[in-house]
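One structure below.
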Amino acid sequence: MTWEERWHPLRQEWVIVAAHRQDRPWEGETLRQPEAKLPAYEPGCYLCPGNSRVNGQTNPKYSGVFVFNNDHPCVGSKAPEELERPIGFYRNQPAHGTARVVCYTPRHDLTLAELSVPAIEDLLRAWQEQYGELSSGSDIQDVLIFENKGEAVGVSNPHPHCQIYATNFVFKTMETEAAVSQQHFIETGRTLFQDIIRAEQLDGRRIICNNDSSIAFLPYFARYAYEVFIAPKESHANIATLNSAELTDFANALKTVLVKLDNLWHISFPYVLTLHQSMRSDCGFHFHVEIHPPLRRPNLLKYLAGPEIGGGNFLSDTAPEEKAAELQQLPEIHYKQIRQTEQG
Ligand SMILES: [Zn+2]
Ligand SMILES: [Zn+2]
């Protein structure tokens with residue numbers, strides 16, 4: 001039984017772990033089981049090669065990773081320059097920036113978990129290039145790379161893709177993590193995330209994958225049941241400076257984690273995957289990927305309610321050690337691949 005509060009050192013907040021309540025009855029919403037077999041090419045998909053998009057542009061017949069400017073950008077160069085001044089002391093500014101979409105593969109029917117390690121490495125290199133290019137833009141303070149996957153997080157098109165927002169402000173979580181990392185360095189002379197990695201290695205119970213230069217773990221302070229962090233062991237402020245050996249190890253760790261998540265209940269696991277990085281190399285920021293899956297059990301979503309939305313702190317019904325143990329036991333070969341082998 002785990003019933004305690006755990007300190008989240010990156011967000012500087014308490015997480016209430018109340019794992020003793022797991023078996024209380026639940027009559028909440030359940031997810032549909034989608035899992036219909038998808039075609040490799042879908043004529044109606046705006047991300048598939050050769051298809052046209054809403055703005056009339058046609059996708060090239062791309063073969064690897066394909067990047068284009070978002071047709072419905074939330075930030076962009078066309079955002080109004082002249083803004084109405086708000087009444088009172090409120091402030092506003094133009095929604096400047098760049099929004100892009102990154103298709104991982106021309107294959108409509110694959111997910112990141114199902115891509116080969118070399119294909120994931122290609123994607124990581126594309127992320128490096130995009131980060132380098134976009135972060136050098138004038139007025140750009142942050143480059144947020146994220147993937148929303150699955151209907152549970154509101155994505156209806158299964159074509160594997162992520163989005164990039166290059167913005168004229170720093171996203172709140174990265175701003176907090178950067179400030180906290182800098183403060184930790186001033187106070188201790190150590191990198192905060194290195195302390196997290198060391199603590200996870202010392203404990204060992206929550207490590208999901210560990211290779212030469214990368215590590216993946218379900219953190220001690222996890223807010224979501226199956227939340228996983230993946231990081232290079234060396235500190236890099238952002239993905240742009242990882243060398244090719246580190247990229248390969250990182251791709252392997254990412255693949256292992258995603259395959260295990262899919263293998264958990266033999267469903268394409270929904271999640272929000274975000275690259276946490278900083279354009280500042282002076283604040284002790286340590287690049288990492290955070291995966292936040294919204295499911296707590298099959299067909300059971302984690303709802304954000306009173307404590308989270310109302311109070312701003314997370315209440316977790318599960319013990320990170322138990323959830324990590326579940327993931328550790330799972331095979332590193334994707335269930336669809338195992339099925340194919342059995343059938344053929
Ligand atoms: Zn498609
Ligand atoms: Zn983070």
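Chain labels A, B, ... are given in the sequence in which chains occur in the structure tokens; within each chain residues are numbered consecutively from 1, and ligands are likewise numbered from 1 in the order shown.
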Practice task
May I have the residues within 12 Å of Ile338 (chain A) as a list in words, using only C-alpha atoms and disregarding those fewer than 5 positions away in the same chain?
Solution key: Glu114, Val259, Asn263, His266, Pro331, Glu332, Ile333, Gln343 and Gly344 of chain A
All heavy atoms of the current selection, written as a JSON list (two decimals), in the first residue's frame:
```
[["chain", "number", "residue", "atom", "x", "y", "z"],
["A", 114, "GLU", "N", 5.71, 1.27, -33.65],
["A", 114, "GLU", "CA", 5.92, 0.22, -34.64],
["A", 114, "GLU", "C", 7.01, 0.55, -35.65],
["A", 114, "GLU", "O", 7.37, -0.28, -36.48],
["A", 114, "GLU", "CB", 4.61, -0.06, -35.39],
["A", 114, "GLU", "CG", 3.53, -0.64, -34.50],
["A", 114, "GLU", "CD", 2.16, -0.57, -35.17],
["A", 114, "GLU", "OE1", 1.85, -1.47, -35.96],
["A", 114, "GLU", "OE2", 1.43, 0.40, -34.90],
["A", 259, "VAL", "N", 6.71, 0.30, -27.12],
["A", 259, "VAL", "CA", 6.27, -1.08, -27.37],
["A", 259, "VAL", "C", 5.67, -1.66, -26.09],
["A", 259, "VAL", "O", 4.61, -2.29, -26.11],
["A", 259, "VAL", "CB", 7.45, -1.94, -27.89],
["A", 259, "VAL", "CG1", 7.13, -3.43, -27.78],
["A", 259, "VAL", "CG2", 7.79, -1.58, -29.33],
["A", 263, "ASN", "N", 1.98, -3.04, -25.46],
["A", 263, "ASN", "CA", 1.84, -4.44, -25.03],
["A", 263, "ASN", "C", 1.05, -4.60, -23.73],
["A", 263, "ASN", "O", 0.58, -5.68, -23.42],
["A", 263, "ASN", "CB", 3.23, -5.08, -24.85],
["A", 263, "ASN", "CG", 3.85, -5.46, -26.18],
["A", 263, "ASN", "OD1", 3.17, -5.49, -27.20],
["A", 263, "ASN", "ND2", 5.14, -5.74, -26.18],
["A", 266, "HIS", "N", -2.56, -4.63, -25.15],
["A", 266, "HIS", "CA", -2.70, -4.94, -26.58],
["A", 266, "HIS", "C", -3.61, -3.93, -27.29],
["A", 266, "HIS", "O", -4.49, -4.30, -28.05],
["A", 266, "HIS", "CB", -3.18, -6.38, -26.80],
["A", 266, "HIS", "CG", -2.09, -7.39, -26.55],
["A", 266, "HIS", "ND1", -2.08, -8.64, -27.10],
["A", 266, "HIS", "CD2", -0.96, -7.31, -25.81],
["A", 266, "HIS", "CE1", -1.00, -9.30, -26.70],
["A", 266, "HIS", "NE2", -0.31, -8.50, -25.91],
["A", 331, "PRO", "N", 7.03, -7.91, -22.82],
["A", 331, "PRO", "CA", 8.02, -8.14, -23.87],
["A", 331, "PRO", "C", 8.41, -6.85, -24.60],
["A", 331, "PRO", "O", 7.64, -5.88, -24.62],
["A", 331, "PRO", "CB", 7.32, -9.12, -24.83],
["A", 331, "PRO", "CG", 5.88, -9.05, -24.50],
["A", 331, "PRO", "CD", 5.76, -8.59, -23.09],
["A", 332, "GLU", "N", 9.59, -6.88, -25.22],
["A", 332, "GLU", "CA", 10.06, -5.72, -25.97],
["A", 332, "GLU", "C", 9.76, -5.85, -27.45],
["A", 332, "GLU", "O", 10.24, -5.07, -28.26],
["A", 332, "GLU", "CB", 11.57, -5.53, -25.73],
["A", 332, "GLU", "CG", 11.86, -5.14, -24.29],
["A", 332, "GLU", "CD", 13.32, -4.81, -24.01],
["A", 332, "GLU", "OE1", 14.10, -4.66, -24.98],
["A", 332, "GLU", "OE2", 13.67, -4.69, -22.83],
["A", 333, "ILE", "N", 9.01, -6.88, -27.79],
["A", 333, "ILE", "CA", 8.56, -7.03, -29.18],
["A", 333, "ILE", "C", 7.08, -6.68, -29.22],
["A", 333, "ILE", "O", 6.30, -7.11, -28.37],
["A", 333, "ILE", "CB", 8.79, -8.48, -29.69],
["A", 333, "ILE", "CG1", 10.29, -8.79, -29.65],
["A", 333, "ILE", "CG2", 8.23, -8.66, -31.10],
["A", 333, "ILE", "CD1", 10.60, -10.25, -29.91],
["A", 343, "GLN", "N", 0.94, -16.04, -36.87],
["A", 343, "GLN", "CA", 0.04, -16.36, -37.97],
["A", 343, "GLN", "C", 0.78, -16.87, -39.21],
["A", 343, "GLN", "O", 0.28, -17.67, -39.96],
["A", 343, "GLN", "CB", -0.81, -15.13, -38.35],
["A", 343, "GLN", "CG", -1.92, -14.89, -37.36],
["A", 343, "GLN", "CD", -2.50, -13.50, -37.47],
["A", 343, "GLN", "OE1", -2.11, -12.73, -38.33],
["A", 343, "GLN", "NE2", -3.43, -13.17, -36.61],
["A", 344, "GLY", "N", 2.00, -16.30, -39.42],
["A", 344, "GLY", "CA", 2.70, -16.63, -40.66],
["A", 344, "GLY", "C", 3.79, -17.64, -40.36],
["A", 344, "GLY", "O", 4.67, -17.86, -41.12]]
```
Practice task
For Ser214 (chain A), please output as a list of chain:residue names all residues within 9 Å (counting only C-alpha atoms; exclusion window: fewer than 3 positions along the same chain).
Solution key: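 Counting only C-alpha atoms, the residues come to A:Cys209, A:Asn210, A:Asn211, A:Ile230, A:Ala231, A:Pro232, A:Lys233, A:Glu234, A:Glu246, A:Leu247, A:Asp249, A:Phe250, A:Asn252, A:Ala253.
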Please save N, CA, C and O atoms of the selected residues as a JSON list (two decimals), in the first residue's frame.
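What ended up in out16.json:
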```json
[["chain", "number", "residue", "atom", "x", "y", "z"],
["A", 209, "CYS", "N", 14.04, 1.02, -19.04],
["A", 209, "CYS", "CA", 15.05, 0.71, -20.05],
["A", 209, "CYS", "C", 16.33, 1.44, -19.68],
["A", 209, "CYS", "O", 16.29, 2.59, -19.23],
["A", 210, "ASN", "N", 17.45, 0.77, -19.86],
["A", 210, "ASN", "CA", 18.74, 1.35, -19.48],
["A", 210, "ASN", "C", 19.78, 0.85, -20.46],
["A", 210, "ASN", "O", 20.09, -0.33, -20.48],
["A", 211, "ASN", "N", 20.29, 1.72, -21.33],
["A", 211, "ASN", "CA", 21.36, 1.30, -22.23],
["A", 211, "ASN", "C", 22.57, 2.21, -22.02],
["A", 211, "ASN", "O", 22.61, 2.97, -21.05],
["A", 230, "ILE", "N", 12.12, 9.63, -20.63],
["A", 230, "ILE", "CA", 13.25, 9.05, -21.36],
["A", 230, "ILE", "C", 14.28, 10.16, -21.51],
["A", 230, "ILE", "O", 13.94, 11.27, -21.94],
["A", 231, "ALA", "N", 15.54, 9.86, -21.19],
["A", 231, "ALA", "CA", 16.56, 10.92, -21.23],
["A", 231, "ALA", "C", 17.92, 10.34, -21.60],
["A", 231, "ALA", "O", 18.23, 9.19, -21.27],
["A", 232, "PRO", "N", 18.73, 11.18, -22.26],
["A", 232, "PRO", "CA", 20.14, 10.79, -22.40],
["A", 232, "PRO", "C", 20.79, 10.92, -21.02],
["A", 232, "PRO", "O", 20.31, 11.69, -20.19],
["A", 233, "LYS", "N", 21.84, 10.14, -20.78],
["A", 233, "LYS", "CA", 22.48, 10.23, -19.46],
["A", 233, "LYS", "C", 23.35, 11.48, -19.33],
["A", 233, "LYS", "O", 23.50, 12.02, -18.24],
["A", 234, "GLU", "N", 23.95, 11.90, -20.44],
["A", 234, "GLU", "CA", 24.70, 13.15, -20.44],
["A", 234, "GLU", "C", 23.71, 14.31, -20.53],
["A", 234, "GLU", "O", 22.68, 14.18, -21.18],
["A", 246, "GLU", "N", 24.36, 8.66, -29.22],
["A", 246, "GLU", "CA", 23.30, 8.98, -28.25],
["A", 246, "GLU", "C", 21.92, 8.90, -28.91],
["A", 246, "GLU", "O", 20.95, 8.46, -28.28],
["A", 247, "LEU", "N", 21.85, 9.34, -30.17],
["A", 247, "LEU", "CA", 20.56, 9.26, -30.88],
["A", 247, "LEU", "C", 20.10, 7.82, -31.03],
["A", 247, "LEU", "O", 18.92, 7.51, -30.86],
["A", 249, "ASP", "N", 20.92, 5.21, -29.13],
["A", 249, "ASP", "CA", 20.50, 4.71, -27.82],
["A", 249, "ASP", "C", 19.14, 5.29, -27.41],
["A", 249, "ASP", "O", 18.29, 4.59, -26.85],
["A", 250, "PHE", "N", 18.97, 6.57, -27.70],
["A", 250, "PHE", "CA", 17.71, 7.22, -27.34],
["A", 250, "PHE", "C", 16.55, 6.60, -28.14],
["A", 250, "PHE", "O", 15.47, 6.33, -27.59],
["A", 252, "ASN", "N", 16.40, 3.59, -29.32],
["A", 252, "ASN", "CA", 16.15, 2.27, -28.76],
["A", 252, "ASN", "C", 15.32, 2.35, -27.48],
["A", 252, "ASN", "O", 14.39, 1.56, -27.29],
["A", 253, "ALA", "N", 15.67, 3.30, -26.61],
["A", 253, "ALA", "CA", 14.94, 3.44, -25.35],
["A", 253, "ALA", "C", 13.50, 3.87, -25.61],
["A", 253, "ALA", "O", 12.56, 3.33, -25.01]]
```
Fill in the blank from the handout: Counting only C-alpha atoms and all ligand atoms, the residue among A:Ser268, A:Ser181, A:Thr2, A:Asn55 that lies closest to ligand 2 is A:Ser181
Problem - Residue nearest Gln277 (chain A) among A:Lys255, A:His292, A:Arg91, A:His236 (counting only C-alpha atoms) - result: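 Ranking A:Lys255, A:His292, A:Arg91, A:His236 by distance to Gln277 (chain A), first place goes to A:His236.
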Mind listing the residues within 8 Å of ligand 1, only C-alpha atoms and all ligand atoms counted, as a PDB file with all heavy atoms, in the first residue's frame?
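Full text of part_35.pdb as output:
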```
ATOM      1  N   ALA A  40      -2.498   0.942 -45.417  1.00  0.00           N
ATOM      2  CA  ALA A  40      -1.181   1.597 -45.445  1.00  0.00           C
ATOM      3  C   ALA A  40      -1.295   2.988 -46.068  1.00  0.00           C
ATOM      4  O   ALA A  40      -0.521   3.887 -45.753  1.00  0.00           O
ATOM      5  CB  ALA A  40      -0.197   0.741 -46.236  1.00  0.00           C
ATOM      6  N   TYR A  41      -2.275   3.127 -46.969  1.00  0.00           N
ATOM      7  CA  TYR A  41      -2.540   4.426 -47.583  1.00  0.00           C
ATOM      8  C   TYR A  41      -4.034   4.702 -47.495  1.00  0.00           C
ATOM      9  O   TYR A  41      -4.853   3.827 -47.759  1.00  0.00           O
ATOM     10  CB  TYR A  41      -2.082   4.423 -49.048  1.00  0.00           C
ATOM     11  CG  TYR A  41      -2.632   5.587 -49.847  1.00  0.00           C
ATOM     12  CD1 TYR A  41      -2.072   6.864 -49.711  1.00  0.00           C
ATOM     13  CD2 TYR A  41      -3.717   5.417 -50.715  1.00  0.00           C
ATOM     14  CE1 TYR A  41      -2.591   7.945 -50.414  1.00  0.00           C
ATOM     15  CE2 TYR A  41      -4.237   6.492 -51.429  1.00  0.00           C
ATOM     16  CZ  TYR A  41      -3.680   7.748 -51.281  1.00  0.00           C
ATOM     17  OH  TYR A  41      -4.195   8.818 -51.968  1.00  0.00           O
ATOM     18  N   GLU A  42      -4.384   5.935 -47.089  1.00  0.00           N
ATOM     19  CA  GLU A  42      -5.803   6.287 -46.923  1.00  0.00           C
ATOM     20  C   GLU A  42      -6.097   7.505 -47.813  1.00  0.00           C
ATOM     21  O   GLU A  42      -5.560   8.587 -47.568  1.00  0.00           O
ATOM     22  CB  GLU A  42      -6.049   6.601 -45.431  1.00  0.00           C
ATOM     23  CG  GLU A  42      -7.374   7.242 -45.090  1.00  0.00           C
ATOM     24  CD  GLU A  42      -8.565   6.386 -45.477  1.00  0.00           C
ATOM     25  OE1 GLU A  42      -8.637   5.239 -45.010  1.00  0.00           O
ATOM     26  OE2 GLU A  42      -9.409   6.874 -46.260  1.00  0.00           O
ATOM     27  N   PRO A  43      -6.927   7.319 -48.833  1.00  0.00           N
ATOM     28  CA  PRO A  43      -7.177   8.420 -49.779  1.00  0.00           C
ATOM     29  C   PRO A  43      -7.697   9.694 -49.115  1.00  0.00           C
ATOM     30  O   PRO A  43      -7.419  10.799 -49.570  1.00  0.00           O
ATOM     31  CB  PRO A  43      -8.228   7.842 -50.733  1.00  0.00           C
ATOM     32  CG  PRO A  43      -8.154   6.367 -50.574  1.00  0.00           C
ATOM     33  CD  PRO A  43      -7.665   6.089 -49.184  1.00  0.00           C
ATOM     34  N   GLY A  44      -8.450   9.547 -48.022  1.00  0.00           N
ATOM     35  CA  GLY A  44      -9.033  10.718 -47.380  1.00  0.00           C
ATOM     36  C   GLY A  44      -8.146  11.371 -46.324  1.00  0.00           C
ATOM     37  O   GLY A  44      -8.562  12.329 -45.675  1.00  0.00           O
ATOM     38  N   CYS A  45      -6.928  10.865 -46.154  1.00  0.00           N
ATOM     39  CA  CYS A  45      -6.053  11.384 -45.092  1.00  0.00           C
ATOM     40  C   CYS A  45      -5.229  12.560 -45.602  1.00  0.00           C
ATOM     41  O   CYS A  45      -4.545  12.443 -46.611  1.00  0.00           O
ATOM     42  CB  CYS A  45      -5.135  10.270 -44.591  1.00  0.00           C
ATOM     43  SG  CYS A  45      -3.819  10.860 -43.503  1.00  0.00           S
ATOM     44  N   TYR A  46      -5.269  13.682 -44.894  1.00  0.00           N
ATOM     45  CA  TYR A  46      -4.527  14.859 -45.356  1.00  0.00           C
ATOM     46  C   TYR A  46      -3.040  14.752 -45.096  1.00  0.00           C
ATOM     47  O   TYR A  46      -2.276  15.640 -45.483  1.00  0.00           O
ATOM     48  CB  TYR A  46      -5.097  16.138 -44.727  1.00  0.00           C
ATOM     49  CG  TYR A  46      -4.875  16.264 -43.239  1.00  0.00           C
ATOM     50  CD1 TYR A  46      -3.823  17.013 -42.735  1.00  0.00           C
ATOM     51  CD2 TYR A  46      -5.731  15.624 -42.338  1.00  0.00           C
ATOM     52  CE1 TYR A  46      -3.619  17.114 -41.367  1.00  0.00           C
ATOM     53  CE2 TYR A  46      -5.520  15.723 -40.974  1.00  0.00           C
ATOM     54  CZ  TYR A  46      -4.473  16.469 -40.492  1.00  0.00           C
ATOM     55  OH  TYR A  46      -4.256  16.564 -39.151  1.00  0.00           O
ATOM     56  N   LEU A  47      -2.602  13.670 -44.430  1.00  0.00           N
ATOM     57  CA  LEU A  47      -1.173  13.503 -44.151  1.00  0.00           C
ATOM     58  C   LEU A  47      -0.505  12.460 -45.052  1.00  0.00           C
ATOM     59  O   LEU A  47       0.719  12.397 -45.121  1.00  0.00           O
ATOM     60  CB  LEU A  47      -0.969  13.113 -42.681  1.00  0.00           C
ATOM     61  CG  LEU A  47      -1.459  14.133 -41.645  1.00  0.00           C
ATOM     62  CD1 LEU A  47      -1.357  13.561 -40.235  1.00  0.00           C
ATOM     63  CD2 LEU A  47      -0.674  15.435 -41.749  1.00  0.00           C
ATOM     64  N   CYS A  48      -1.298  11.650 -45.733  1.00  0.00           N
ATOM     65  CA  CYS A  48      -0.719  10.616 -46.590  1.00  0.00           C
ATOM     66  C   CYS A  48      -0.060  11.244 -47.822  1.00  0.00           C
ATOM     67  O   CYS A  48      -0.469  12.310 -48.286  1.00  0.00           O
ATOM     68  CB  CYS A  48      -1.803   9.614 -47.017  1.00  0.00           C
ATOM     69  SG  CYS A  48      -2.090   8.282 -45.835  1.00  0.00           S
ATOM     70  N   PRO A  49       0.985  10.584 -48.364  1.00  0.00           N
ATOM     71  CA  PRO A  49       1.688  11.118 -49.532  1.00  0.00           C
ATOM     72  C   PRO A  49       0.760  11.284 -50.735  1.00  0.00           C
ATOM     73  O   PRO A  49      -0.121  10.450 -50.959  1.00  0.00           O
ATOM     74  CB  PRO A  49       2.752  10.050 -49.834  1.00  0.00           C
ATOM     75  CG  PRO A  49       2.760   9.112 -48.690  1.00  0.00           C
ATOM     76  CD  PRO A  49       1.505   9.293 -47.919  1.00  0.00           C
ATOM     77  N   PRO A 106       5.371   7.683 -44.393  1.00  0.00           N
ATOM     78  CA  PRO A 106       4.219   7.704 -45.309  1.00  0.00           C
ATOM     79  C   PRO A 106       3.142   6.685 -44.939  1.00  0.00           C
ATOM     80  O   PRO A 106       2.010   6.803 -45.372  1.00  0.00           O
ATOM     81  CB  PRO A 106       4.849   7.354 -46.674  1.00  0.00           C
ATOM     82  CG  PRO A 106       6.177   6.764 -46.374  1.00  0.00           C
ATOM     83  CD  PRO A 106       6.617   7.300 -45.050  1.00  0.00           C
ATOM     84  N   ARG A 107       3.511   5.697 -44.129  1.00  0.00           N
ATOM     85  CA  ARG A 107       2.576   4.621 -43.780  1.00  0.00           C
ATOM     86  C   ARG A 107       1.500   5.109 -42.810  1.00  0.00           C
ATOM     87  O   ARG A 107       1.761   5.458 -41.675  1.00  0.00           O
ATOM     88  CB  ARG A 107       3.351   3.447 -43.150  1.00  0.00           C
ATOM     89  CG  ARG A 107       4.157   2.627 -44.148  1.00  0.00           C
ATOM     90  CD  ARG A 107       3.315   1.596 -44.868  1.00  0.00           C
ATOM     91  NE  ARG A 107       2.698   0.636 -43.956  1.00  0.00           N
ATOM     92  CZ  ARG A 107       3.283  -0.495 -43.556  1.00  0.00           C
ATOM     93  NH1 ARG A 107       4.495  -0.816 -43.967  1.00  0.00           N
ATOM     94  NH2 ARG A 107       2.640  -1.325 -42.749  1.00  0.00           N
ATOM     95  N   HIS A 108       0.262   5.094 -43.297  1.00  0.00           N
ATOM     96  CA  HIS A 108      -0.895   5.543 -42.516  1.00  0.00           C
ATOM     97  C   HIS A 108      -1.171   4.603 -41.337  1.00  0.00           C
ATOM     98  O   HIS A 108      -1.748   5.008 -40.329  1.00  0.00           O
ATOM     99  CB  HIS A 108      -2.116   5.591 -43.445  1.00  0.00           C
ATOM    100  CG  HIS A 108      -3.353   6.149 -42.833  1.00  0.00           C
ATOM    101  ND1 HIS A 108      -3.566   7.500 -42.720  1.00  0.00           N
ATOM    102  CD2 HIS A 108      -4.443   5.544 -42.283  1.00  0.00           C
ATOM    103  CE1 HIS A 108      -4.747   7.702 -42.129  1.00  0.00           C
ATOM    104  NE2 HIS A 108      -5.291   6.524 -41.851  1.00  0.00           N
ATOM    105  N   ASP A 109      -0.753   3.335 -41.488  1.00  0.00           N
ATOM    106  CA  ASP A 109      -1.170   2.297 -40.528  1.00  0.00           C
ATOM    107  C   ASP A 109      -0.147   2.013 -39.441  1.00  0.00           C
ATOM    108  O   ASP A 109      -0.323   1.095 -38.651  1.00  0.00           O
ATOM    109  CB  ASP A 109      -1.468   0.992 -41.287  1.00  0.00           C
ATOM    110  CG  ASP A 109      -0.275   0.509 -42.103  1.00  0.00           C
ATOM    111  OD1 ASP A 109       0.596   1.346 -42.440  1.00  0.00           O
ATOM    112  OD2 ASP A 109      -0.208  -0.695 -42.407  1.00  0.00           O
ATOM    113  N   ASN A 157      -7.188  11.543 -36.489  1.00  0.00           N
ATOM    114  CA  ASN A 157      -6.419  10.983 -37.609  1.00  0.00           C
ATOM    115  C   ASN A 157      -5.261  10.141 -37.070  1.00  0.00           C
ATOM    116  O   ASN A 157      -4.365  10.662 -36.409  1.00  0.00           O
ATOM    117  CB  ASN A 157      -5.865  12.114 -38.484  1.00  0.00           C
ATOM    118  CG  ASN A 157      -5.219  11.563 -39.761  1.00  0.00           C
ATOM    119  OD1 ASN A 157      -4.906  10.377 -39.852  1.00  0.00           O
ATOM    120  ND2 ASN A 157      -5.020  12.434 -40.735  1.00  0.00           N
ATOM    121  N   PRO A 158      -5.286   8.820 -37.347  1.00  0.00           N
ATOM    122  CA  PRO A 158      -4.248   7.955 -36.783  1.00  0.00           C
ATOM    123  C   PRO A 158      -2.895   8.057 -37.488  1.00  0.00           C
ATOM    124  O   PRO A 158      -1.916   7.484 -37.011  1.00  0.00           O
ATOM    125  CB  PRO A 158      -4.837   6.553 -36.971  1.00  0.00           C
ATOM    126  CG  PRO A 158      -5.721   6.672 -38.169  1.00  0.00           C
ATOM    127  CD  PRO A 158      -6.264   8.075 -38.156  1.00  0.00           C
ATOM    128  N   HIS A 159      -2.819   8.761 -38.627  1.00  0.00           N
ATOM    129  CA  HIS A 159      -1.530   8.854 -39.334  1.00  0.00           C
ATOM    130  C   HIS A 159      -0.468   9.385 -38.359  1.00  0.00           C
ATOM    131  O   HIS A 159      -0.651  10.442 -37.767  1.00  0.00           O
ATOM    132  CB  HIS A 159      -1.648   9.783 -40.551  1.00  0.00           C
ATOM    133  CG  HIS A 159      -0.517   9.602 -41.517  1.00  0.00           C
ATOM    134  ND1 HIS A 159      -0.690   9.162 -42.802  1.00  0.00           N
ATOM    135  CD2 HIS A 159       0.816   9.785 -41.359  1.00  0.00           C
ATOM    136  CE1 HIS A 159       0.486   9.085 -43.401  1.00  0.00           C
ATOM    137  NE2 HIS A 159       1.417   9.467 -42.547  1.00  0.00           N
ATOM    138  N   PRO A 160       0.642   8.637 -38.197  1.00  0.00           N
ATOM    139  CA  PRO A 160       1.602   9.018 -37.150  1.00  0.00           C
ATOM    140  C   PRO A 160       2.278  10.366 -37.423  1.00  0.00           C
ATOM    141  O   PRO A 160       2.948  10.527 -38.439  1.00  0.00           O
ATOM    142  CB  PRO A 160       2.621   7.873 -37.162  1.00  0.00           C
ATOM    143  CG  PRO A 160       2.493   7.252 -38.507  1.00  0.00           C
ATOM    144  CD  PRO A 160       1.055   7.427 -38.924  1.00  0.00           C
TER     145      PRO A 160
END
```
Practice task
Could you give me, as JSON, numbers by chain, the residues within 10 Å of Thr173 (chain A), counting only C-alpha atoms and dropping anything in the same chain fewer than 5 positions from it?
Solution key: {"A": [10, 11, 178, 179, 276]}
For those residues, write C-alpha atoms to a file as a PDB file, in the first residue's frame.
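Final output, saved to part07.pdb:
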```pdb
ATOM      1  CA  LEU A  10      10.905  19.554 -11.593  1.00  0.00           C
ATOM      2  CA  ARG A  11       7.475  21.095 -11.116  1.00  0.00           C
ATOM      3  CA  ALA A 178      14.541  25.810 -16.312  1.00  0.00           C
ATOM      4  CA  ALA A 179      14.178  28.091 -13.279  1.00  0.00           C
ATOM      5  CA  HIS A 276      11.241  18.973 -22.646  1.00  0.00           C
TER       6      HIS A 276
END
```
Practice task
For Phe314 (chain A), please output as a ChimeraX atom specification all residues within 9 Å (counting only C-alpha atoms; exclusion window: fewer than 5 positions along the same chain).
Solution key: /A:13-17,223-224,304,307-309
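Look at Phe146 (chain A): the protein and nucleic acid residues within 7 Å of it, using only C-alpha atoms and passing over chain neighbours fewer than 5 places away, are Cys162, Gln163, Ile164, Leu273, Thr274 and Leu275 of chain A.
Distances here use only C-alpha atoms; by that measure, the residue among A:Ala325, A:Ile208, A:Ala152, A:Ala222 closest to Leu300 (chain A) is A:Ala152.
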Fill in the blank from the handout: Of A:Gln141, A:Asn299, A:Thr341, A:Asn238, the one nearest to ligand 2 when counting only C-alpha atoms and all ligand atoms is A:Asn238
So that I can see what lies close to Ser135 (chain A), please list as a compact mmCIF listing (two decimals) with N, CA and C atoms, in the first residue's frame the residues with an atom at most 10 Å from it, counting only C-alpha atoms and leaving out residues fewer than 4 positions away in the same chain.
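Saved as out21.txt:
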```txt
# COMPACT_ATOMS: atom_id res chain seq x y z
N GLU A 129 17.01 18.91 -36.54
CA GLU A 129 17.07 19.95 -37.59
C GLU A 129 16.02 21.02 -37.35
N GLN A 130 14.80 20.57 -37.05
CA GLN A 130 13.71 21.53 -36.82
C GLN A 130 14.03 22.41 -35.62
N TYR A 131 14.54 21.79 -34.56
CA TYR A 131 14.87 22.57 -33.37
C TYR A 131 15.92 23.62 -33.68
N ASP A 139 12.74 36.47 -32.46
CA ASP A 139 11.52 36.53 -31.65
C ASP A 139 11.10 35.16 -31.08
N ILE A 140 11.84 34.09 -31.39
CA ILE A 140 11.45 32.76 -30.90
C ILE A 140 12.11 32.48 -29.55
N GLN A 141 11.28 32.14 -28.56
CA GLN A 141 11.77 31.87 -27.21
C GLN A 141 11.74 30.38 -26.86
N ASP A 142 10.93 29.62 -27.58
CA ASP A 142 10.75 28.22 -27.22
C ASP A 142 10.31 27.43 -28.45
N VAL A 143 10.71 26.16 -28.50
CA VAL A 143 10.27 25.27 -29.58
C VAL A 143 9.67 24.04 -28.91
N ALA A 166 6.79 26.84 -32.46
CA ALA A 166 7.91 27.73 -32.11
C ALA A 166 7.28 29.06 -31.73
N THR A 167 7.48 29.46 -30.48
CA THR A 167 6.68 30.56 -29.93
C THR A 167 7.54 31.73 -29.42
N SER A 278 15.35 23.23 -23.60
CA SER A 278 15.50 24.66 -23.40
C SER A 278 16.48 25.23 -24.42
N MET A 279 16.20 26.44 -24.89
CA MET A 279 17.12 27.12 -25.78
C MET A 279 18.30 27.69 -25.00
```
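With CA of Glu5 (chain A) on one side and CA of Ser316 (chain A) on the other, the separation reads 9.8 Å.
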Practice task
Pick out each residue of region 108-138 of chain A that DSSP on the backbone tags as helix (DSSP H, G or I); I need them as an MDAnalysis selection string.
Solution key: chainID A and resid 112:114 117:135
Handout entry: Residue set, region 81-285 of chain A restricted to strand (DSSP E), as number ranges by chain
Key = A: 97-103, 142-149, 161-167, 207-210, 214-217, 228-232, 271-276
Practice task
Kindly indicate which residue among A:Gly312, A:Pro320, A:Gly64, A:Gly56 lies nearest to Leu115 (chain A), using only C-alpha atoms for the distances.
Solution key: A:Gly64
Exercise for the section: Tell me which protein, DNA and RNA residues are within 12 Å of Leu327 (chain A), counting only C-alpha atoms, leaving out same-chain ones fewer than 2 positions away, and put them as a PyMOL selection string. Expected result: chain A and resi 205-209+216-218+225-228+256-265+320-325+329-332
